[in-house]
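S.K.: Input structure: protein.pdb, which contains PDB, C-alpha atoms, pLDDT in the B column.
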```
ATOM      1  CA  MET L1428       0.000   0.000   0.000  1.00 31.00           C
ATOM      2  CA  ILE L1429       1.372   3.396  -0.932  1.00 41.00           C
ATOM      3  CA  ARG L1430       1.578   5.688   2.084  1.00 46.00           C
ATOM      4  CA  GLY L1431       0.287   8.613   0.045  1.00 46.00           C
ATOM      5  CA  ILE L1432       3.165  11.015   0.604  1.00 45.00           C
ATOM      6  CA  ALA L1433       4.100  11.321  -3.057  1.00 49.00           C
ATOM      7  CA  TRP L1434       0.571  11.469  -4.391  1.00 53.00           C
ATOM      8  CA  SER L1435       0.469  15.260  -4.084  1.00 60.00           C
ATOM      9  CA  PRO L1436       3.775  15.757  -5.941  1.00 64.00           C
ATOM     10  CA  ALA L1437       2.745  13.151  -8.522  1.00 61.00           C
ATOM     11  CA  LEU L1438      -0.527  14.988  -9.099  1.00 63.00           C
ATOM     12  CA  LEU L1439       1.401  18.251  -9.424  1.00 62.00           C
ATOM     13  CA  LEU L1440       3.593  16.654 -12.090  1.00 60.00           C
ATOM     14  CA  LEU L1441       0.511  15.458 -13.959  1.00 62.00           C
ATOM     15  CA  SER L1442      -1.078  18.913 -13.666  1.00 63.00           C
ATOM     16  CA  ALA L1443       2.072  20.543 -15.005  1.00 60.00           C
ATOM     17  CA  MET L1444       2.007  18.156 -17.965  1.00 61.00           C
ATOM     18  CA  LEU L1445      -1.584  19.188 -18.732  1.00 59.00           C
ATOM     19  CA  ILE L1446      -0.754  22.893 -18.429  1.00 58.00           C
ATOM     20  CA  HIS L1447       2.343  22.382 -20.596  1.00 54.00           C
ATOM     21  CA  ALA L1448       0.141  20.811 -23.280  1.00 59.00           C
ATOM     22  CA  SER L1449      -1.817  24.077 -23.527  1.00 52.00           C
ATOM     23  CA  VAL L1450       1.019  26.616 -23.113  1.00 60.00           C
ATOM     24  CA  PRO L1451       4.164  24.709 -24.092  1.00 61.00           C
ATOM     25  CA  SER L1452       6.519  27.620 -24.724  1.00 79.00           C
ATOM     26  CA  LEU L1453       6.098  29.383 -21.357  1.00 84.00           C
ATOM     27  CA  LEU L1454       7.202  26.657 -18.943  1.00 85.00           C
ATOM     28  CA  PRO L1455      10.390  24.772 -19.975  1.00 91.00           C
ATOM     29  CA  TYR L1456      13.801  25.716 -18.622  1.00 95.00           C
ATOM     30  CA  ASP L1457      15.129  28.083 -21.295  1.00 96.00           C
ATOM     31  CA  ARG L1458      18.532  29.611 -20.631  1.00 97.00           C
ATOM     32  CA  ILE L1459      18.019  32.596 -22.939  1.00 97.00           C
ATOM     33  CA  ALA L1460      14.542  33.384 -21.611  1.00 97.00           C
ATOM     34  CA  ILE L1461      15.828  33.175 -18.026  1.00 98.00           C
ATOM     35  CA  LEU L1462      18.981  35.243 -18.457  1.00 97.00           C
ATOM     36  CA  GLU L1463      17.954  37.738 -21.132  1.00 97.00           C
ATOM     37  CA  ASN L1464      14.204  38.097 -20.559  1.00 96.00           C
ATOM     38  CA  GLY L1465      14.045  37.639 -16.790  1.00 97.00           C
ATOM     39  CA  GLN L1466      11.670  34.651 -16.999  1.00 96.00           C
ATOM     40  CA  VAL L1467      12.998  33.179 -13.775  1.00 97.00           C
ATOM     41  CA  TRP L1468       9.869  31.052 -13.144  1.00 95.00           C
ATOM     42  CA  ARG L1469      11.282  28.680 -15.778  1.00 95.00           C
ATOM     43  CA  MET L1470      13.926  27.662 -13.232  1.00 96.00           C
ATOM     44  CA  LEU L1471      11.099  25.914 -11.349  1.00 93.00           C
ATOM     45  CA  THR L1472       8.550  25.066 -14.030  1.00 89.00           C
ATOM     46  CA  GLY L1473      11.084  23.465 -16.375  1.00 91.00           C
ATOM     47  CA  HIS L1474      11.415  20.540 -13.992  1.00 90.00           C
ATOM     48  CA  TRP L1475       7.663  20.007 -13.728  1.00 84.00           C
ATOM     49  CA  VAL L1476       6.893  19.848 -17.449  1.00 83.00           C
ATOM     50  CA  HIS L1477       7.895  17.027 -19.759  1.00 78.00           C
ATOM     51  CA  ALA L1478       8.691  16.466 -23.408  1.00 77.00           C
ATOM     52  CA  GLY L1479       5.775  14.042 -23.743  1.00 74.00           C
ATOM     53  CA  TRP L1480       3.405  11.737 -21.912  1.00 74.00           C
ATOM     54  CA  LEU L1481       5.878   8.832 -21.809  1.00 77.00           C
ATOM     55  CA  HIS L1482       8.545  11.106 -20.339  1.00 75.00           C
ATOM     56  CA  GLY L1483       6.079  12.306 -17.696  1.00 77.00           C
ATOM     57  CA  ALA L1484       4.845   8.796 -16.921  1.00 78.00           C
ATOM     58  CA  ILE L1485       8.398   7.555 -16.389  1.00 81.00           C
ATOM     59  CA  ASN L1486       9.122  10.414 -13.978  1.00 81.00           C
ATOM     60  CA  ILE L1487       5.848   9.998 -12.060  1.00 80.00           C
ATOM     61  CA  SER L1488       6.485   6.248 -11.772  1.00 80.00           C
ATOM     62  CA  ALA L1489       9.999   6.897 -10.485  1.00 82.00           C
ATOM     63  CA  LEU L1490       8.665   9.403  -7.943  1.00 82.00           C
ATOM     64  CA  LEU L1491       6.070   6.939  -6.657  1.00 79.00           C
ATOM     65  CA  LEU L1492       8.665   4.150  -6.476  1.00 81.00           C
ATOM     66  CA  LEU L1493      11.083   6.369  -4.568  1.00 82.00           C
ATOM     67  CA  GLU L1494       8.300   7.350  -2.183  1.00 77.00           C
ATOM     68  CA  ARG L1495       7.581   3.690  -1.571  1.00 75.00           C
ATOM     69  CA  LEU L1496      11.244   2.978  -0.819  1.00 75.00           C
ATOM     70  CA  ASP L1497      11.857   6.118   1.222  1.00 70.00           C
ATOM     71  CA  HIS L1498      12.574   5.563   4.884  1.00 57.00           C
ATOM     72  CA  PRO L1499      11.967   7.357   7.088  1.00 60.00           C
ATOM     73  CA  PRO L1500       9.195   8.892   4.978  1.00 67.00           C
ATOM     74  CA  GLN L1501       8.943  12.639   4.586  1.00 72.00           C
ATOM     75  CA  LYS L1502       5.754  14.572   5.151  1.00 75.00           C
ATOM     76  CA  THR L1503       4.109  15.905   1.992  1.00 75.00           C
ATOM     77  CA  GLN L1504       4.853  19.555   2.830  1.00 79.00           C
ATOM     78  CA  ALA L1505       8.538  18.860   3.515  1.00 82.00           C
ATOM     79  CA  LEU L1506       8.810  16.802   0.330  1.00 81.00           C
ATOM     80  CA  LEU L1507       7.252  19.555  -1.791  1.00 83.00           C
ATOM     81  CA  ILE L1508       9.543  22.189  -0.278  1.00 89.00           C
ATOM     82  CA  ASP L1509      12.582  19.980  -0.886  1.00 89.00           C
ATOM     83  CA  MET L1510      11.522  19.388  -4.486  1.00 88.00           C
ATOM     84  CA  LEU L1511      11.101  23.113  -5.133  1.00 91.00           C
ATOM     85  CA  ILE L1512      14.484  23.901  -3.569  1.00 94.00           C
ATOM     86  CA  MET L1513      16.102  21.058  -5.552  1.00 94.00           C
ATOM     87  CA  ALA L1514      14.532  22.279  -8.782  1.00 95.00           C
ATOM     88  CA  LEU L1515      15.790  25.813  -8.164  1.00 96.00           C
ATOM     89  CA  ALA L1516      19.261  24.633  -7.078  1.00 96.00           C
ATOM     90  CA  THR L1517      19.526  22.307 -10.083  1.00 97.00           C
ATOM     91  CA  SER L1518      18.577  25.151 -12.423  1.00 97.00           C
ATOM     92  CA  VAL L1519      21.143  27.482 -10.865  1.00 97.00           C
ATOM     93  CA  LEU L1520      23.790  24.779 -11.222  1.00 97.00           C
ATOM     94  CA  LEU L1521      22.755  24.191 -14.861  1.00 97.00           C
ATOM     95  CA  LEU L1522      23.014  27.922 -15.581  1.00 98.00           C
ATOM     96  CA  VAL L1523      26.478  28.110 -14.034  1.00 97.00           C
ATOM     97  CA  PHE L1524      28.052  24.819 -15.110  1.00 97.00           C
ATOM     98  CA  VAL L1525      26.259  23.856 -18.346  1.00 97.00           C
ATOM     99  CA  PRO L1526      26.120  27.027 -20.463  1.00 97.00           C
ATOM    100  CA  ASP L1527      25.555  25.023 -23.663  1.00 97.00           C
ATOM    101  CA  LEU L1528      22.234  23.636 -22.384  1.00 96.00           C
ATOM    102  CA  VAL L1529      19.638  25.950 -23.889  1.00 96.00           C
ATOM    103  CA  GLN L1530      16.410  24.081 -23.051  1.00 93.00           C
ATOM    104  CA  TYR L1531      15.452  21.393 -20.570  1.00 90.00           C
ATOM    105  CA  THR L1532      12.280  19.704 -19.391  1.00 88.00           C
ATOM    106  CA  GLY L1533      11.767  16.912 -16.925  1.00 88.00           C
ATOM    107  CA  PHE L1534      11.879  15.901 -13.320  1.00 89.00           C
ATOM    108  CA  SER L1535      14.808  13.470 -13.448  1.00 91.00           C
ATOM    109  CA  GLY L1536      17.313  15.934 -11.998  1.00 95.00           C
ATOM    110  CA  VAL L1537      15.053  16.468  -8.982  1.00 95.00           C
ATOM    111  CA  LEU L1538      14.488  12.693  -8.737  1.00 93.00           C
ATOM    112  CA  HIS L1539      18.243  12.138  -8.545  1.00 95.00           C
ATOM    113  CA  GLY L1540      18.360  14.751  -5.788  1.00 96.00           C
ATOM    114  CA  LEU L1541      15.561  13.027  -3.870  1.00 93.00           C
ATOM    115  CA  TRP L1542      17.374   9.700  -4.228  1.00 93.00           C
ATOM    116  CA  ALA L1543      20.618  11.211  -2.903  1.00 95.00           C
ATOM    117  CA  GLN L1544      18.796  12.897  -0.037  1.00 93.00           C
ATOM    118  CA  SER L1545      17.021   9.667   0.905  1.00 90.00           C
ATOM    119  CA  GLY L1546      20.337   7.803   0.865  1.00 92.00           C
ATOM    120  CA  ILE L1547      21.951  10.389   3.141  1.00 92.00           C
ATOM    121  CA  ARG L1548      18.980  10.332   5.539  1.00 87.00           C
ATOM    122  CA  ARG L1549      19.243   6.541   5.837  1.00 87.00           C
ATOM    123  CA  LEU L1550      22.862   6.765   6.945  1.00 90.00           C
ATOM    124  CA  LYS L1551      21.601   8.002  10.323  1.00 84.00           C
ATOM    125  CA  THR L1552      19.094   5.147  10.788  1.00 86.00           C
ATOM    126  CA  PRO L1553      19.297   1.404  11.450  1.00 89.00           C
ATOM    127  CA  GLN L1554      18.975   1.060   7.634  1.00 84.00           C
ATOM    128  CA  ARG L1555      22.451   2.562   7.180  1.00 91.00           C
ATOM    129  CA  TRP L1556      23.458  -0.194   4.773  1.00 93.00           C
ATOM    130  CA  GLN L1557      20.489   0.723   2.544  1.00 91.00           C
ATOM    131  CA  GLY L1558      21.737   4.299   2.396  1.00 91.00           C
ATOM    132  CA  ILE L1559      25.182   3.087   1.386  1.00 95.00           C
ATOM    133  CA  ILE L1560      23.644   0.907  -1.347  1.00 94.00           C
ATOM    134  CA  MET L1561      21.456   3.771  -2.586  1.00 92.00           C
ATOM    135  CA  LEU L1562      24.357   6.224  -2.773  1.00 95.00           C
ATOM    136  CA  THR L1563      26.664   3.647  -4.389  1.00 96.00           C
ATOM    137  CA  ALA L1564      24.010   2.795  -7.004  1.00 94.00           C
ATOM    138  CA  LEU L1565      23.495   6.498  -7.695  1.00 95.00           C
ATOM    139  CA  MET L1566      27.236   7.058  -8.181  1.00 95.00           C
ATOM    140  CA  ALA L1567      27.465   4.005 -10.456  1.00 95.00           C
ATOM    141  CA  LYS L1568      24.540   5.245 -12.568  1.00 90.00           C
ATOM    142  CA  LEU L1569      26.076   8.690 -12.925  1.00 94.00           C
ATOM    143  CA  LEU L1570      29.453   7.195 -13.893  1.00 92.00           C
ATOM    144  CA  VAL L1571      27.800   5.007 -16.536  1.00 89.00           C
ATOM    145  CA  GLU L1572      25.930   8.012 -17.950  1.00 86.00           C
ATOM    146  CA  TYR L1573      29.094  10.101 -18.045  1.00 82.00           C
ATOM    147  CA  GLY L1574      30.842   7.207 -19.779  1.00 78.00           C
ATOM    148  CA  GLY L1575      28.484   7.897 -22.665  1.00 69.00           C
ATOM    149  CA  ASN L1576      26.087   5.028 -22.024  1.00 63.00           C
ATOM    150  CA  THR L1577      22.545   6.338 -22.033  1.00 57.00           C
ATOM    151  CA  SER L1578      21.095   3.104 -23.385  1.00 56.00           C
ATOM    152  CA  GLY L1579      18.645   3.152 -20.494  1.00 55.00           C
ATOM    153  CA  ASN L1580      16.765   5.892 -22.350  1.00 56.00           C
ATOM    154  CA  TRP L1581      13.259   4.506 -22.926  1.00 56.00           C
ATOM    155  CA  SER L1582      12.170   7.117 -25.408  1.00 60.00           C
ATOM    156  CA  ASP L1583      13.437   9.424 -28.117  1.00 66.00           C
ATOM    157  CA  ILE L1584      13.961  12.170 -25.575  1.00 71.00           C
ATOM    158  CA  PRO L1585      17.664  12.885 -25.107  1.00 78.00           C
ATOM    159  CA  VAL L1586      19.089  12.146 -21.672  1.00 81.00           C
ATOM    160  CA  ILE L1587      20.792  15.154 -20.058  1.00 88.00           C
ATOM    161  CA  PRO L1588      23.255  13.500 -17.651  1.00 91.00           C
ATOM    162  CA  GLU L1589      24.306  16.901 -16.323  1.00 94.00           C
ATOM    163  CA  SER L1590      20.826  17.419 -14.897  1.00 95.00           C
ATOM    164  CA  HIS L1591      21.092  14.060 -13.119  1.00 95.00           C
ATOM    165  CA  LEU L1592      24.515  14.876 -11.659  1.00 96.00           C
ATOM    166  CA  LEU L1593      23.593  18.418 -10.640  1.00 97.00           C
ATOM    167  CA  GLY L1594      20.265  17.258  -9.217  1.00 97.00           C
ATOM    168  CA  ALA L1595      22.115  14.679  -7.121  1.00 97.00           C
ATOM    169  CA  ILE L1596      24.521  17.369  -5.938  1.00 97.00           C
ATOM    170  CA  ALA L1597      21.564  19.610  -5.023  1.00 96.00           C
ATOM    171  CA  GLY L1598      20.004  16.729  -3.059  1.00 95.00           C
ATOM    172  CA  LEU L1599      23.257  16.076  -1.223  1.00 95.00           C
ATOM    173  CA  MET L1600      23.602  19.762  -0.353  1.00 93.00           C
ATOM    174  CA  ILE L1601      20.043  19.925   0.978  1.00 93.00           C
ATOM    175  CA  ALA L1602      20.546  16.736   3.015  1.00 92.00           C
ATOM    176  CA  VAL L1603      23.748  18.096   4.575  1.00 90.00           C
ATOM    177  CA  VAL L1604      22.120  21.447   5.416  1.00 92.00           C
ATOM    178  CA  LYS L1605      19.155  19.663   7.004  1.00 89.00           C
ATOM    179  CA  GLN L1606      21.467  17.466   9.067  1.00 85.00           C
ATOM    180  CA  GLN L1607      23.420  20.506  10.258  1.00 86.00           C
ATOM    181  CA  LYS L1608      20.189  22.258  11.235  1.00 84.00           C
ATOM    182  CA  SER L1609      18.923  19.195  13.123  1.00 79.00           C
ATOM    183  CA  ARG L1610      22.205  18.986  15.084  1.00 77.00           C
ATOM    184  CA  ARG L1611      21.816  22.577  16.247  1.00 76.00           C
ATOM    185  CA  MET L1612      18.254  22.138  17.443  1.00 69.00           C
ATOM    186  CA  PRO L1613      17.954  21.369  21.157  1.00 62.00           C
TER     187      PRO L1613
END
```
Take the structure from the file and write it as structure tokens.

M.R.:
Amino acid sequence: MIRGIAWSPALLLLSAMLIHASVPSLLPYDRIAILENGQVWRMLTGHWVHAGWLHGAINISALLLLERLDHPPQKTQALLIDMLIMALATSVLLLVFVPDLVQYTGFSGVLHGLWAQSGIRRLKTPQRWQGIIMLTALMAKLLVEYGGNTSGNWSDIPVIPESHLLGAIAGLMIAVVKQQKSRRMP
């Protein structure tokens, strides 16, 4: 039984896909529109829209699977806040470190961040070994992608491995900040 935590984010992804179908040019991450036209909302919305229904379905399925595996589970509000911060952080990192990337759509960068964050959170629980496995699998996947192997691509949509790496980095940064904050609380 799904605990229901990721249903709200999954429904938001589906809603964004429907909105994107009606106004496709206003929502994707677009470097030129962000930097030259001040359309900064694209730094968030670009992660919530997808290149097609298959792309969106893959990302929603991955989100629901991650939610099912996540331990300890996050509350819906905390998860949504983390996803928004990860989307923004990933976009900033893309702007700074991947200047050749002009357009981007999809949630996979944020998903990689959620995976990294979940792995880090598990390191402080009795499921420590699961966190180690999750982080090792994530590193292996990123290394394979950077080795040029994107054969895991299930559609004609190009894989942007930089978004996966930078999303994972954003997730790690958020996890570390949260751990530092929790240490300071009495």

S.K.: So which residues touch Val1537 (chain L) within 7 Å, counting all atoms listed in the file, skipping near sequence neighbours fewer than 2 positions away, as a PDB file with C-alpha atoms, in the coordinates of the input?

M.R.:
```pdb
ATOM      1  CA  MET L1510      11.522  19.388  -4.486  1.00 88.00           C
ATOM      2  CA  MET L1513      16.102  21.058  -5.552  1.00 94.00           C
ATOM      3  CA  ALA L1514      14.532  22.279  -8.782  1.00 95.00           C
ATOM      4  CA  PHE L1534      11.879  15.901 -13.320  1.00 89.00           C
ATOM      5  CA  SER L1535      14.808  13.470 -13.448  1.00 91.00           C
ATOM      6  CA  HIS L1539      18.243  12.138  -8.545  1.00 95.00           C
ATOM      7  CA  GLY L1540      18.360  14.751  -5.788  1.00 96.00           C
ATOM      8  CA  LEU L1541      15.561  13.027  -3.870  1.00 93.00           C
ATOM      9  CA  GLY L1594      20.265  17.258  -9.217  1.00 97.00           C
TER      10      GLY L1594
END
```

S.K.: Using all atoms listed in the file, find the one residue out of L:Ala1567, L:Leu1550, L:Leu1593, L:Leu1481 that sits nearest to Gln1606 (chain L).

M.R.: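 Nearest candidate to Gln1606 (chain L) out of L:Ala1567, L:Leu1550, L:Leu1593, L:Leu1481: L:Leu1550.
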
S.K.: Which distance in Å separates CA of Ser1452 (chain L) and CA of Tyr1531 (chain L), to one decimal?

M.R.: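 Separation of CA of Ser1452 (chain L) and CA of Tyr1531 (chain L): 11.7 Å.
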
S.K.: Assuming the chain letters and numbering stay as they are in my file, what does the PyMOL selection byres ((chain L and resi 1549) around 12) actually select? List them as a list in words.

M.R.: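 This file, filtered by the PyMOL selection byres ((chain L and resi 1549) around 12), leaves Leu1496, Asp1497, His1498, Pro1499, Pro1500, Trp1542, Ala1543, Gln1544, Ser1545, Gly1546, Ile1547, Arg1548, Leu1550, Lys1551, Thr1552, Pro1553, Gln1554, Arg1555, Trp1556, Gln1557, Gly1558, Ile1559, Ile1560, Met1561, Leu1562, Ala1602 and Gln1606 of chain L.
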
S.K.: Which distance in Å separates CA of Met1470 (chain L) and CA of Val1529 (chain L), to one decimal?

M.R.: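 CA of Met1470 (chain L) sits 12.2 Å away from CA of Val1529 (chain L).
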
S.K.: What lies within 10 Å of Ala1489 (chain L) using only C-alpha atoms, ignoring chain neighbours under 3 positions off, as a count of residues only?

M.R.: 13

S.K.: Expressed in Å to a single decimal, how great is the separation between CA of Val1523 (chain L) and CA of Tyr1456 (chain L)?

M.R.: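 For CA of Val1523 (chain L) relative to CA of Tyr1456 (chain L), the distance reads 13.7 Å.
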
S.K.: Go through the shown structure with the PyMOL selection byres ((chain L and resi 1587) around 9) and write out the matching residues as a list of chain:residue names.

M.R.: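 Going through the file, the PyMOL selection byres ((chain L and resi 1587) around 9) ends up selecting L:Leu1528, L:Tyr1531, L:Gly1536, L:Pro1585, L:Val1586, L:Pro1588, L:Glu1589, L:Ser1590, L:His1591.
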